[in-house]
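K.L.:
model-v5.tsv is reproduced below (TSV, C-alpha atoms and all ligand atoms).
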chain	number	residue	atom	x	y	z
A	17	MET	CA	22.04	-52.65	6.24
A	18	PHE	CA	20.68	-50.79	9.27
A	19	MET	CA	17.22	-49.67	10.26
A	20	SER	CA	16.71	-45.94	10.78
A	21	CYS	CA	17.76	-46.31	14.44
A	22	HIS	CA	20.40	-48.88	15.32
A	23	GLN	CA	21.61	-49.22	18.90
A	24	ILE	CA	25.04	-50.50	19.92
A	25	GLU	CA	24.69	-52.47	23.13
A	26	ASN	CA	27.13	-51.88	25.96
A	27	ARG	CA	27.05	-51.32	29.70
A	28	PHE	CA	28.23	-47.70	29.77
A	29	SER	CA	26.21	-45.47	27.45
A	30	LYS	CA	23.24	-45.76	25.14
A	31	ILE	CA	24.74	-45.46	21.66
A	32	TYR	CA	22.36	-44.69	18.80
A	33	LEU	CA	23.06	-44.61	15.08
A	34	SER	CA	20.20	-42.39	14.15
A	35	SER	CA	19.01	-39.04	12.92
A	36	HIS	CA	19.68	-36.67	15.84
A	37	ALA	CA	16.48	-34.72	15.15
A	38	ASP	CA	14.38	-37.89	15.51
A	39	ILE	CA	15.92	-39.19	18.68
A	40	LEU	CA	17.14	-36.25	20.77
A	41	PRO	CA	13.77	-34.98	22.09
A	42	GLY	CA	12.93	-38.38	23.57
A	43	LEU	CA	16.36	-38.70	25.17
A	44	VAL	CA	16.38	-35.31	26.90
A	45	GLY	CA	12.69	-35.33	27.87
A	46	ASP	CA	11.74	-32.26	29.90
A	47	ARG	CA	15.15	-31.82	31.52
A	48	ARG	CA	17.03	-28.53	31.44
A	49	VAL	CA	19.67	-28.83	28.72
A	50	VAL	CA	22.77	-26.75	28.20
A	51	VAL	CA	24.46	-27.35	24.85
A	52	ILE	CA	28.22	-27.06	24.61
A	53	THR	CA	29.47	-26.73	21.07
A	54	ASP	CA	32.09	-24.95	18.97
A	55	SER	CA	31.63	-21.98	16.71
A	56	ASN	CA	31.79	-24.02	13.46
A	57	ILE	CA	29.08	-26.44	14.53
A	58	PHE	CA	27.00	-23.63	16.01
A	59	ASP	CA	27.08	-21.81	12.65
A	60	ILE	CA	25.83	-24.92	10.84
A	61	TYR	CA	23.10	-25.94	13.33
A	62	ARG	CA	22.30	-22.50	14.78
A	63	ASP	CA	18.50	-22.82	14.42
A	64	GLU	CA	18.33	-26.17	16.18
A	65	LEU	CA	20.91	-25.46	18.88
A	66	SER	CA	19.51	-22.02	19.71
A	67	ARG	CA	16.41	-23.73	21.09
A	68	TYR	CA	18.53	-24.71	24.08
A	69	GLU	CA	20.67	-22.65	26.42
A	70	HIS	CA	24.13	-22.91	24.90
A	71	ILE	CA	27.81	-22.21	25.44
A	72	VAL	CA	29.94	-21.81	22.32
A	73	ILE	CA	33.67	-22.46	22.63
A	74	GLU	CA	36.44	-22.08	20.08
A	75	GLY	CA	37.39	-25.30	18.30
A	76	GLY	CA	40.92	-26.58	17.74
A	77	GLU	CA	43.30	-28.67	19.81
A	78	GLU	CA	44.89	-25.47	21.16
A	79	ASN	CA	41.59	-24.66	22.90
A	80	LYS	CA	41.20	-28.05	24.55
A	81	ASN	CA	42.59	-26.75	27.81
A	82	LEU	CA	41.80	-25.72	31.38
A	83	GLU	CA	41.07	-22.13	30.31
A	84	THR	CA	38.21	-23.36	28.13
A	85	ALA	CA	36.95	-25.60	30.95
A	86	GLN	CA	37.09	-22.60	33.33
A	87	LEU	CA	35.16	-20.48	30.85
A	88	ILE	CA	32.43	-23.13	30.68
A	89	TYR	CA	32.30	-23.51	34.51
A	90	CYS	CA	31.83	-19.73	34.83
A	91	GLU	CA	29.06	-19.64	32.22
A	92	LEU	CA	27.30	-22.57	33.88
A	93	MET	CA	27.48	-20.77	37.23
A	94	ALA	CA	26.14	-17.56	35.68
A	95	MET	CA	23.24	-19.55	34.19
A	96	GLY	CA	22.54	-21.20	37.53
A	97	ALA	CA	23.08	-24.69	36.14
A	98	ASP	CA	22.89	-27.36	38.82
A	99	ARG	CA	23.07	-31.12	39.19
A	100	SER	CA	19.74	-31.58	37.47
A	101	THR	CA	21.03	-29.90	34.29
A	102	LEU	CA	21.97	-32.13	31.37
A	103	LEU	CA	25.05	-31.02	29.43
A	104	LEU	CA	24.84	-31.87	25.74
A	105	GLY	CA	28.17	-31.80	23.87
A	106	VAL	CA	27.57	-31.29	20.15
A	107	GLY	CA	30.74	-31.52	18.10
A	108	GLY	CA	33.86	-33.51	17.37
A	109	GLY	CA	36.35	-35.04	19.79
A	110	ILE	CA	37.51	-31.75	21.28
A	111	VAL	CA	34.01	-30.63	22.21
A	112	THR	CA	33.03	-34.05	23.58
A	113	ASP	CA	36.28	-34.49	25.58
A	114	VAL	CA	35.88	-31.05	27.18
A	115	THR	CA	32.14	-31.45	27.75
A	116	GLY	CA	32.65	-34.80	29.47
A	117	PHE	CA	35.40	-33.35	31.66
A	118	VAL	CA	33.32	-30.32	32.67
A	119	ALA	CA	30.24	-32.48	33.25
A	120	ALA	CA	32.19	-34.90	35.45
A	121	THR	CA	33.66	-32.11	37.59
A	122	TYR	CA	31.14	-29.24	37.74
A	123	MET	CA	29.34	-29.52	41.11
A	124	ARG	CA	30.98	-32.98	41.37
A	125	GLY	CA	29.17	-34.29	38.35
A	126	LEU	CA	26.22	-33.71	36.03
A	127	LYS	CA	24.63	-36.05	33.54
A	128	PHE	CA	25.71	-35.52	29.98
A	129	GLY	CA	25.14	-36.73	26.44
A	130	PHE	CA	26.82	-36.27	23.08
A	131	ILE	CA	25.86	-35.68	19.49
A	132	SER	CA	29.11	-36.55	17.74
A	133	THR	CA	29.58	-34.63	14.49
A	134	SER	CA	32.97	-35.80	13.18
A	135	LEU	CA	33.91	-39.21	11.83
A	136	LEU	CA	36.83	-39.41	14.23
A	137	GLY	CA	34.47	-38.65	17.08
A	138	GLN	CA	31.85	-41.12	15.89
A	139	VAL	CA	34.25	-44.05	15.56
A	140	ASP	CA	36.41	-43.32	18.60
A	141	ALA	CA	36.42	-40.23	20.81
A	142	SER	CA	32.73	-39.99	21.75
A	143	VAL	CA	32.61	-43.51	23.22
A	144	GLY	CA	34.65	-45.13	25.97
A	145	GLY	CA	34.53	-42.55	28.73
A	146	LYS	CA	37.87	-40.79	28.29
A	147	CYS	CA	37.40	-37.09	29.00
A	148	GLY	CA	39.99	-34.43	29.55
A	149	VAL	CA	42.06	-31.49	28.43
A	150	ASN	CA	45.63	-30.83	27.36
A	151	VAL	CA	48.17	-29.13	29.60
A	152	ASP	CA	50.95	-27.20	27.88
A	153	ASP	CA	51.97	-29.40	24.98
A	154	TYR	CA	50.83	-32.64	26.57
A	155	LYS	CA	47.63	-34.21	25.34
A	156	ASN	CA	44.94	-35.30	27.79
A	157	MET	CA	47.17	-34.76	30.83
A	158	VAL	CA	44.21	-33.85	33.05
A	159	GLY	CA	41.02	-35.83	32.79
A	160	CYS	CA	38.89	-38.67	34.01
A	161	PHE	CA	36.80	-41.62	32.95
A	162	ALA	CA	33.14	-40.62	32.76
A	163	HIS	CA	30.53	-42.03	30.41
A	164	PRO	CA	27.82	-40.02	28.72
A	165	GLU	CA	24.25	-41.13	29.31
A	166	PHE	CA	23.78	-41.33	25.53
A	167	VAL	CA	25.77	-40.82	22.33
A	168	ILE	CA	24.04	-40.01	19.03
A	169	LEU	CA	25.94	-40.88	15.87
A	170	ASP	CA	24.16	-39.30	12.92
A	171	VAL	CA	26.16	-39.98	9.75
A	172	ASP	CA	24.18	-37.33	7.85
A	173	MET	CA	25.96	-34.73	10.00
A	174	LEU	CA	29.26	-35.83	8.46
A	175	LYS	CA	28.22	-34.31	5.12
A	176	SER	CA	29.30	-30.85	6.24
A	177	LEU	CA	32.88	-32.02	6.87
A	178	PRO	CA	35.79	-31.36	4.52
A	179	GLU	CA	37.23	-34.48	2.90
A	180	ARG	CA	40.48	-34.16	4.83
A	181	GLU	CA	38.62	-34.41	8.13
A	182	LEU	CA	36.61	-37.40	6.94
A	183	ARG	CA	39.82	-39.12	5.89
A	184	ALA	CA	41.28	-38.45	9.35
A	185	GLY	CA	38.39	-40.43	10.81
A	186	MET	CA	39.10	-43.26	8.40
A	187	ALA	CA	42.47	-43.78	10.13
A	188	GLU	CA	40.60	-44.84	13.27
A	189	VAL	CA	38.28	-47.05	11.19
A	190	VAL	CA	41.31	-48.83	9.69
A	191	LYS	CA	42.80	-49.07	13.19
A	192	SER	CA	39.69	-50.82	14.52
A	193	ALA	CA	39.69	-53.15	11.52
A	194	ILE	CA	43.34	-54.13	12.03
A	195	ILE	CA	42.74	-54.71	15.74
A	196	GLY	CA	39.65	-56.84	15.45
A	197	ASP	CA	37.49	-56.88	12.32
A	198	VAL	CA	38.95	-58.36	9.13
A	199	GLU	CA	35.58	-58.05	7.35
A	200	LEU	CA	35.56	-54.32	8.05
A	201	PHE	CA	39.09	-54.12	6.64
A	202	GLU	CA	37.93	-55.88	3.47
A	203	MET	CA	34.84	-53.66	3.15
A	204	VAL	CA	36.98	-50.52	3.25
A	205	GLU	CA	39.61	-52.11	1.02
A	206	ARG	CA	36.99	-52.74	-1.71
A	207	ARG	CA	35.83	-49.11	-1.70
A	208	ALA	CA	39.08	-47.29	-0.81
A	209	THR	CA	39.71	-45.70	-4.20
A	210	GLU	CA	36.07	-44.60	-4.62
A	211	SER	CA	34.27	-41.68	-3.06
A	212	PHE	CA	32.09	-43.36	-0.42
A	213	TYR	CA	31.48	-40.66	2.18
A	214	ASP	CA	27.97	-39.95	0.83
A	215	ASP	CA	26.95	-43.61	0.92
A	216	ARG	CA	24.80	-43.55	4.05
A	217	PRO	CA	24.35	-47.32	4.63
A	218	PHE	CA	28.08	-47.87	4.06
A	219	MET	CA	29.03	-45.09	6.47
A	220	GLN	CA	26.58	-46.38	9.09
A	221	GLU	CA	28.04	-49.83	8.79
A	222	ILE	CA	31.67	-48.77	9.10
A	223	VAL	CA	30.86	-46.54	12.08
A	224	ALA	CA	28.91	-49.36	13.78
A	225	ARG	CA	31.58	-51.97	13.12
A	226	SER	CA	34.46	-49.74	14.25
A	227	LEU	CA	32.62	-48.85	17.43
A	228	SER	CA	31.74	-52.47	18.11
A	229	VAL	CA	35.47	-53.29	18.16
A	230	LYS	CA	36.07	-50.42	20.57
A	231	VAL	CA	33.08	-51.15	22.80
A	232	SER	CA	33.97	-54.80	23.29
A	233	ILE	CA	37.52	-53.83	24.27
A	234	VAL	CA	36.41	-51.05	26.64
A	235	GLU	CA	33.88	-53.36	28.30
A	236	SER	CA	36.68	-55.68	29.32
A	237	ASP	CA	39.22	-53.00	30.30
A	238	GLU	CA	37.63	-49.63	30.93
A	239	ARG	CA	40.63	-48.08	32.73
A	240	GLU	CA	43.26	-49.15	30.19
A	241	SER	CA	45.30	-51.47	32.33
A	242	GLY	CA	45.61	-54.08	29.58
A	243	MET	CA	43.56	-54.76	26.47
A	244	ARG	CA	42.37	-51.18	25.96
A	245	ARG	CA	45.95	-50.31	25.05
A	246	LEU	CA	45.25	-52.10	21.75
A	247	LEU	CA	43.26	-49.02	20.76
A	248	ASN	CA	46.54	-47.14	20.70
A	249	LEU	CA	47.74	-48.89	17.54
A	250	GLY	CA	49.79	-46.33	15.61
A	251	HIS	CA	49.50	-43.81	18.44
A	252	THR	CA	52.98	-44.11	20.07
A	253	LEU	CA	54.50	-42.82	16.84
A	254	GLY	CA	51.39	-40.84	15.89
A	255	HIS	CA	51.50	-38.64	18.99
A	256	ALA	CA	55.22	-38.06	18.46
A	257	ILE	CA	54.60	-37.11	14.82
A	258	GLU	CA	51.92	-34.62	15.90
A	259	LYS	CA	54.49	-33.01	18.20
A	260	CYS	CA	57.09	-32.83	15.41
A	261	THR	CA	54.84	-31.10	12.88
A	262	HIS	CA	51.59	-29.19	12.86
A	263	ALA	CA	51.21	-30.05	9.16
A	264	VAL	CA	49.33	-33.27	9.96
A	265	ASN	CA	46.14	-33.78	11.95
A	266	HIS	CA	45.58	-36.56	14.49
A	267	GLY	CA	44.13	-39.09	12.03
A	268	GLU	CA	46.91	-38.46	9.53
A	269	ALA	CA	49.54	-38.89	12.24
A	270	VAL	CA	47.93	-42.17	13.37
A	271	ALA	CA	47.85	-43.41	9.76
A	272	ILE	CA	51.56	-42.66	9.39
A	273	GLY	CA	52.24	-44.26	12.78
A	274	MET	CA	50.35	-47.43	11.75
A	275	ALA	CA	52.24	-47.62	8.44
A	276	MET	CA	55.58	-47.21	10.27
A	277	ILE	CA	54.86	-49.89	12.88
A	278	CYS	CA	53.63	-52.26	10.13
A	279	ARG	CA	56.82	-51.73	8.11
A	280	ALA	CA	58.92	-52.33	11.23
A	281	ALA	CA	56.91	-55.47	12.17
A	282	LYS	CA	57.31	-56.78	8.61
A	283	GLN	CA	61.05	-56.14	8.68
A	284	LYS	CA	61.40	-58.01	11.99
A	285	GLY	CA	59.35	-60.93	10.63
A	286	ILE	CA	56.49	-60.36	13.08
A	287	LEU	CA	53.91	-59.40	10.44
A	288	SER	CA	53.73	-61.11	7.04
A	289	SER	CA	54.70	-59.03	4.00
A	290	GLY	CA	51.24	-59.75	2.56
A	291	ASP	CA	49.38	-58.25	5.53
A	292	ALA	CA	51.80	-55.33	5.97
A	293	ASN	CA	51.56	-54.43	2.29
A	294	ARG	CA	47.75	-54.64	2.33
A	295	ILE	CA	47.56	-52.26	5.31
A	296	ILE	CA	49.96	-49.76	3.78
A	297	GLU	CA	48.23	-49.97	0.39
A	298	LEU	CA	44.85	-49.38	2.03
A	299	LEU	CA	46.14	-46.28	3.81
A	300	ASP	CA	47.66	-45.04	0.54
A	301	ASN	CA	44.45	-45.70	-1.38
A	302	LEU	CA	42.46	-43.76	1.20
A	303	GLY	CA	44.73	-40.81	0.44
A	304	PHE	CA	47.07	-40.80	3.44
A	305	ALA	CA	50.66	-39.78	2.78
A	306	THR	CA	52.35	-42.61	4.66
A	307	ASP	CA	55.85	-41.69	3.47
A	308	ILE	CA	56.68	-38.64	5.51
A	309	THR	CA	59.77	-36.51	5.53
A	310	ILE	CA	60.11	-36.01	9.30
A	311	SER	CA	63.36	-37.57	10.46
A	312	MET	CA	63.14	-40.76	12.50
A	313	SER	CA	65.48	-39.27	15.11
A	314	ASP	CA	63.09	-36.34	15.68
A	315	ILE	CA	60.13	-38.73	16.05
A	316	LEU	CA	62.04	-40.98	18.45
A	317	ARG	CA	63.14	-37.98	20.51
A	318	GLU	CA	59.46	-37.10	21.04
A	319	VAL	CA	58.65	-40.73	21.93
A	320	LYS	CA	61.43	-40.57	24.53
A	321	LEU	CA	60.11	-37.28	25.98
A	322	ASP	CA	56.62	-38.79	26.21
A	323	LYS	CA	57.95	-41.88	27.96
A	324	LYS	CA	59.94	-39.73	30.41
A	325	LYS	CA	56.80	-37.81	31.30
A	326	SER	CA	54.88	-40.98	32.14
A	327	ASP	CA	58.00	-42.56	33.72
A	328	SER	CA	57.09	-46.04	32.58
A	329	VAL	CA	57.84	-48.56	29.88
A	330	LEU	CA	56.36	-48.06	26.43
A	331	ASN	CA	53.28	-50.13	25.71
A	332	VAL	CA	53.61	-50.61	21.98
A	333	VAL	CA	50.85	-52.16	19.88
A	334	ILE	CA	52.36	-54.58	17.39
A	335	PRO	CA	50.26	-55.97	14.51
A	336	ARG	CA	50.74	-59.74	14.15
A	337	SER	CA	48.20	-60.33	11.41
A	338	LEU	CA	45.08	-58.63	10.11
A	339	GLY	CA	42.58	-58.68	12.98
A	340	ARG	CA	45.20	-59.58	15.60
A	341	CYS	CA	47.48	-57.19	17.47
A	342	GLU	CA	49.45	-57.51	20.66
A	343	VAL	CA	50.54	-55.00	23.31
A	344	VAL	CA	54.25	-55.36	24.05
A	345	SER	CA	55.80	-53.51	27.00
A	346	MET	CA	59.32	-52.46	26.13
A	347	GLU	CA	62.06	-50.09	27.15
A	348	TYR	CA	62.76	-47.14	24.89
A	349	ASN	CA	65.96	-48.72	23.50
A	350	ALA	CA	64.08	-51.85	22.40
A	351	PHE	CA	61.56	-49.62	20.64
A	352	VAL	CA	64.36	-47.80	18.82
A	353	GLN	CA	65.78	-51.15	17.68
A	354	MET	CA	62.50	-51.93	15.92
A	355	PHE	CA	63.34	-49.18	13.43
A	356	GLU	CA	66.98	-50.11	12.80
E	401	LIG	N1	41.12	-43.54	21.80
E	401	LIG	C1	41.58	-44.66	22.48
E	401	LIG	C2	40.77	-45.02	23.67
E	401	LIG	O1	39.67	-44.53	23.83
E	401	LIG	O2	41.21	-45.77	24.50
Now, as a test, write the supplied structure out as C-alpha cells.
P.N.:
Amino acid sequence: MFMSCHQIENRFSKIYLSSHADILPGLVGDRRVVVITDSNIFDIYRDELSRYEHIVIEGGEENKNLETAQLIYCELMAMGADRSTLLLGVGGGIVTDVTGFVAATYMRGLKFGFISTSLLGQVDASVGGKCGVNVDDYKNMVGCFAHPEFVILDVDMLKSLPERELRAGMAEVVKSAIIGDVELFEMVERRATESFYDDRPFMQEIVARSLSVKVSIVESDERESGMRRLLNLGHTLGHAIEKCTHAVNHGEAVAIGMAMICRAAKQKGILSSGDANRIIELLDNLGFATDITISMSDILREVKLDKKKSDSVLNVVIPRSLGRCEVVSMEYNAFVQMFE
C-alpha cells in the first residue's frame, strides 16, 4: 500500500505516484510553463490546463510526426518561448514522445516534465528517455534520448480512459512481470477476471512495480545496447502485427506478440508448458484476443522489412521462465524457424 505520494528512485527523472494537482505547483515553481497536450485531454482538463500557456495537438499515432513537431516549434517561437521555459507534456505516449523530442531540440534543449495520463504511458512510455516521432510508416525513426525533469503518474487520471485503452496498458504490465517480477505476475493473475481498474491502491502498486522493472533495466543500459532490449518482449512480432492491421492497438499487438513468442518457445522446449500456458491464460483472462487471424507469412514479411530497414540481426526476446527472459540475436531465417 502506498502513501499519497510515492517516489520511484532513479538517476534520470523524479518519478512521482501522486495526485497531479497536489504536486505540480511545487515542481514547476515560478517558471514559465507551456503545456503540450492533445485535444481529448484538453477537453477533460480544460480548466486546469488553461491556467498555463498551452499548445493542443491532435492525438493518434498518425499525428506523431515531424509536421506536428514543426507546428509546436512554430507556436513556441510565436509565444517567444526560450531556454528558461519548461515544457509540460500532459497526455499518453504520443504526447510525451513528441513533447520530449521538441523539448530536446527546440533551441538545442529546454527542460521538460510529464503528467502521464494513459496506463501505457504510466507503465512504459513516459519513463526511460526515449523521445521521437514516426517517419512514413516507420515508428520512432527520428528521435533521441532525453529525460524529463519529472514524471507525474496519477492513477486517478486513468478513470477517464475507455476499458480497451486500459487493457492495452496491461500488456506492458504483463510484459514487465514476465521480464522481472513474478510477484507482479501473480498479483495480476489473481485479479485478471475481475474489474480492478477502479481499485486505486492496486493500480498504484502495479504501476509502481512495472516501472521499477523498467527503471532498473534502463539504469544499467540507457541507450539499449544490451539489457534494455528485454523491454521489447513481444514487440518484434507486435510491431509487425501493427503494420499488418489497424484493427489492433499497440498494447493488443504486444499481447499477441508475447503469446506467439511464448507458444513458439514452448514448442521448442525453451519455456515450460506450465509457464507458457499461465502467460497465455493471463492474457486471455485480461481480455486480449491472442488467437489472431492475420497470416503468419504476412507478419513475417513485415518483420523482414523492419530488419532490412535497420540492416542488422534481429534481437529477439525469448522467455525462459516467468521472471526470466533472454535477448537472442538471430538472423531472419532462424527467427522464421521458431514458428515452424
Ligand atoms: N518501451 C521500451 C523502452 O523504453 O525501451
K.L.:
Could you pull the residues within 8 Å of Ile296 of chain A, counting all atoms listed in the file, minus those fewer than 2 positions along the same chain, as a list in words?
P.N.:
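Near Ile296 of chain A, the qualifying residues are Ala275, Cys278, Ala292, Asn293, Arg294, Leu298, Leu299, Asp300 and Thr306 of chain A.
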K.L.:
Residues within 12 Å of ligand LIG 401 (chain E) (all atoms listed in the file), as a ChimeraX atom specification?
P.N.:
/A:109,113,136-148,155-156,160-163,185,187-189,191-192,226-227,229-252,255,266-267,270
K.L.:
Name the closest residue to Pro164 of chain A among the candidates A:Cys90, A:Ile257, A:Ile131, A:Ile272; distances are taken between atoms, counting all atoms listed in the file.
P.N.:
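Closest to Pro164 of chain A, using all atoms listed in the file: A:Ile131.
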K.L.:
Which one is closest to Tyr32 of chain A: A:Glu210, A:Arg340, A:Met93, A:Ser132? Count all atoms listed in the file.
P.N.:
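Closest residue, counting all atoms listed in the file: A:Ser132.
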K.L.:
Please produce, as a Markdown table, a per-residue contact table for segment 25-95 of chain A versus segment 149-153 of chain A (criterion: any atom at most 12 Å away, only C-alpha atoms considered), showing the nearest atom pair and its distance in Å to one decimal, sorted by chain then residue number.
P.N.:
| residue | atom | partner | partner_atom | distance |
| --- | --- | --- | --- | --- |
| A:Gly76 | CA | A:Asn150 | CA | 11.5 |
| A:Glu77 | CA | A:Asn150 | CA | 8.2 |
| A:Glu78 | CA | A:Asn150 | CA | 8.2 |
| A:Asn79 | CA | A:Asn150 | CA | 8.6 |
| A:Lys80 | CA | A:Val149 | CA | 5.3 |
| A:Asn81 | CA | A:Val149 | CA | 4.8 |
| A:Leu82 | CA | A:Val149 | CA | 6.5 |
| A:Glu83 | CA | A:Val149 | CA | 9.6 |
| A:Thr84 | CA | A:Val149 | CA | 9.0 |
| A:Ala85 | CA | A:Val149 | CA | 8.2 |
| A:Gln86 | CA | A:Val149 | CA | 11.3 |
K.L.:
Have a look at A:Pro335, A:Gly254, A:Gly107, A:Gly303 and name the one nearest to Ser288 of chain A; count all atoms listed in the file.
P.N.:
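So, comparing all the options, the nearest one is A:Pro335.
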K.L.:
One decimal, in Å: what's the spacing between atom CA of Asp214 of chain A and atom CA of Ile73 of chain A?
P.N.:
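Atom CA of Ile73 of chain A lies 28.5 Å from atom CA of Asp214 of chain A.
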K.L.:
Using only C-alpha atoms, can you tell me which of A:Ala120, A:Ala256, A:Val264, A:Leu103 comes closest to Leu316 of chain A?
P.N.:
A:Ala256
K.L.:
Which of these residues is nearest to Asn26 of chain A, using only C-alpha atoms: A:Val167, A:Ile39, A:Met123, A:Leu302?
P.N.:
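Using only C-alpha atoms, the shortest distance to Asn26 of chain A belongs to A:Val167.
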K.L.:
Sorted by chain and rising residue number, list the residues of segment 87-168 of chain A at most 12 Å from segment 48-60 of chain A (counting all atoms listed in the file), each with its closest atom pair and distance in Å to one decimal, as CSV.
P.N.:
residue,atom,partner,partner_atom,distance
A:Leu87,CA,A:Ile52,CA,11.4
A:Ile88,CA,A:Ile52,CA,8.4
A:Tyr89,CA,A:Ile52,CA,11.3
A:Glu91,CA,A:Val50,CA,10.3
A:Leu92,CA,A:Val50,CA,8.4
A:Met93,CA,A:Val50,CA,11.8
A:Met95,CA,A:Val50,CA,9.4
A:Gly96,CA,A:Val50,CA,10.9
A:Ala97,CA,A:Val50,CA,8.2
A:Asp98,CA,A:Arg48,CA,9.5
A:Arg99,CA,A:Arg48,CA,10.2
A:Ser100,CA,A:Arg48,CA,7.3
A:Thr101,CA,A:Arg48,CA,5.1
A:Leu102,CA,A:Val49,CA,4.8
A:Leu103,CA,A:Val50,CA,5.0
A:Leu104,CA,A:Val51,CA,4.6
A:Gly105,CA,A:Ile52,CA,4.8
A:Val106,CA,A:Thr53,CA,5.0
A:Gly107,CA,A:Thr53,CA,5.8
A:Gly108,CA,A:Thr53,CA,8.9
A:Gly109,CA,A:Thr53,CA,10.9
A:Ile110,CA,A:Asp54,CA,9.0
A:Val111,CA,A:Thr53,CA,6.1
A:Thr112,CA,A:Thr53,CA,8.5
A:Asp113,CA,A:Ile52,CA,11.0
A:Val114,CA,A:Ile52,CA,9.0
A:Thr115,CA,A:Ile52,CA,6.7
A:Gly116,CA,A:Ile52,CA,10.2
A:Phe117,CA,A:Ile52,CA,11.9
A:Val118,CA,A:Ile52,CA,10.1
A:Ala119,CA,A:Ile52,CA,10.4
A:Leu126,CA,A:Val49,CA,11.0
A:Lys127,CA,A:Val49,CA,10.0
A:Phe128,CA,A:Val49,CA,9.1
A:Gly129,CA,A:Val51,CA,9.5
A:Phe130,CA,A:Val51,CA,9.4
A:Ile131,CA,A:Thr53,CA,9.8
A:Ser132,CA,A:Thr53,CA,10.4
A:Thr133,CA,A:Ile57,CA,8.2
A:Ser134,CA,A:Ile57,CA,10.2
K.L.:
Name the closest residue to Val329 of chain A among the candidates A:Arg317, A:Glu347, A:Glu64, A:Glu179; distances are taken between atoms, counting only C-alpha atoms.
P.N.:
A:Glu347
K.L.:
Counting all atoms listed in the file, I want the residues whose atoms come within 7 Å of (55.1, -49.3, 22.7) in the file frame, returned as an mmCIF file with C-alpha atoms, in the frame of the given file.
P.N.:
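Final output, saved to result12.cif:
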data_model
loop_
_atom_site.group_PDB
_atom_site.id
_atom_site.type_symbol
_atom_site.label_atom_id
_atom_site.label_comp_id
_atom_site.auth_asym_id
_atom_site.auth_seq_id
_atom_site.Cartn_x
_atom_site.Cartn_y
_atom_site.Cartn_z
ATOM 1 C CA THR A 252 52.980 -44.110 20.070
ATOM 2 C CA LEU A 330 56.360 -48.060 26.430
ATOM 3 C CA ASN A 331 53.280 -50.130 25.710
ATOM 4 C CA VAL A 332 53.610 -50.610 21.980
ATOM 5 C CA VAL A 333 50.850 -52.160 19.880
ATOM 6 C CA VAL A 344 54.250 -55.360 24.050
ATOM 7 C CA SER A 345 55.800 -53.510 27.000
ATOM 8 C CA MET A 346 59.320 -52.460 26.130
ATOM 9 C CA PHE A 351 61.560 -49.620 20.640
#
K.L.:
Could you state the separation of atom CA of Met274 of chain A and atom CA of Arg27 of chain A in Å, given to one decimal place?
P.N.:
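Taking atom CA of Met274 of chain A and atom CA of Arg27 of chain A, their separation equals 29.7 Å.
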K.L.:
Extract segment 120-130 of chain A from the coordinates I pasted, and write it as a compact mmCIF listing (two decimals), in the first residue's frame (atoms kept: N, CA, C and O atoms).
P.N.:
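The file below, out-v4.txt, is the result:
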# COMPACT_ATOMS: atom_id res chain seq x y z
N ALA A 120 13.82 18.53 -26.44
CA ALA A 120 15.25 18.23 -26.58
C ALA A 120 15.88 18.97 -27.76
O ALA A 120 17.10 19.12 -27.82
N THR A 121 15.06 19.44 -28.70
CA THR A 121 15.61 20.02 -29.93
C THR A 121 15.34 21.52 -30.07
O THR A 121 16.13 22.22 -30.72
N TYR A 122 14.25 22.01 -29.51
CA TYR A 122 13.94 23.44 -29.65
C TYR A 122 15.03 24.27 -28.95
O TYR A 122 15.33 24.03 -27.78
N MET A 123 15.64 25.17 -29.66
CA MET A 123 16.74 26.00 -29.12
C MET A 123 17.81 25.12 -28.46
O MET A 123 18.38 25.50 -27.45
N ARG A 124 18.03 23.97 -29.00
CA ARG A 124 19.00 22.96 -28.51
C ARG A 124 18.69 22.43 -27.12
O ARG A 124 19.55 21.86 -26.46
N GLY A 125 17.46 22.60 -26.70
CA GLY A 125 17.08 21.88 -25.47
C GLY A 125 16.48 22.73 -24.37
O GLY A 125 17.12 23.67 -23.91
N LEU A 126 15.25 22.39 -23.98
CA LEU A 126 14.59 23.02 -22.84
C LEU A 126 14.35 21.94 -21.79
O LEU A 126 14.31 20.76 -22.10
N LYS A 127 14.10 22.38 -20.57
CA LYS A 127 13.69 21.41 -19.55
C LYS A 127 12.24 21.02 -19.80
O LYS A 127 11.46 21.82 -20.34
N PHE A 128 11.91 19.81 -19.40
CA PHE A 128 10.52 19.38 -19.61
C PHE A 128 10.10 18.39 -18.53
O PHE A 128 10.94 17.78 -17.84
N GLY A 129 8.78 18.29 -18.38
CA GLY A 129 8.21 17.33 -17.43
C GLY A 129 6.96 16.71 -18.04
O GLY A 129 6.46 17.20 -19.05
N PHE A 130 6.51 15.63 -17.45
CA PHE A 130 5.31 14.96 -17.97
C PHE A 130 4.27 14.73 -16.88
O PHE A 130 4.63 14.39 -15.74
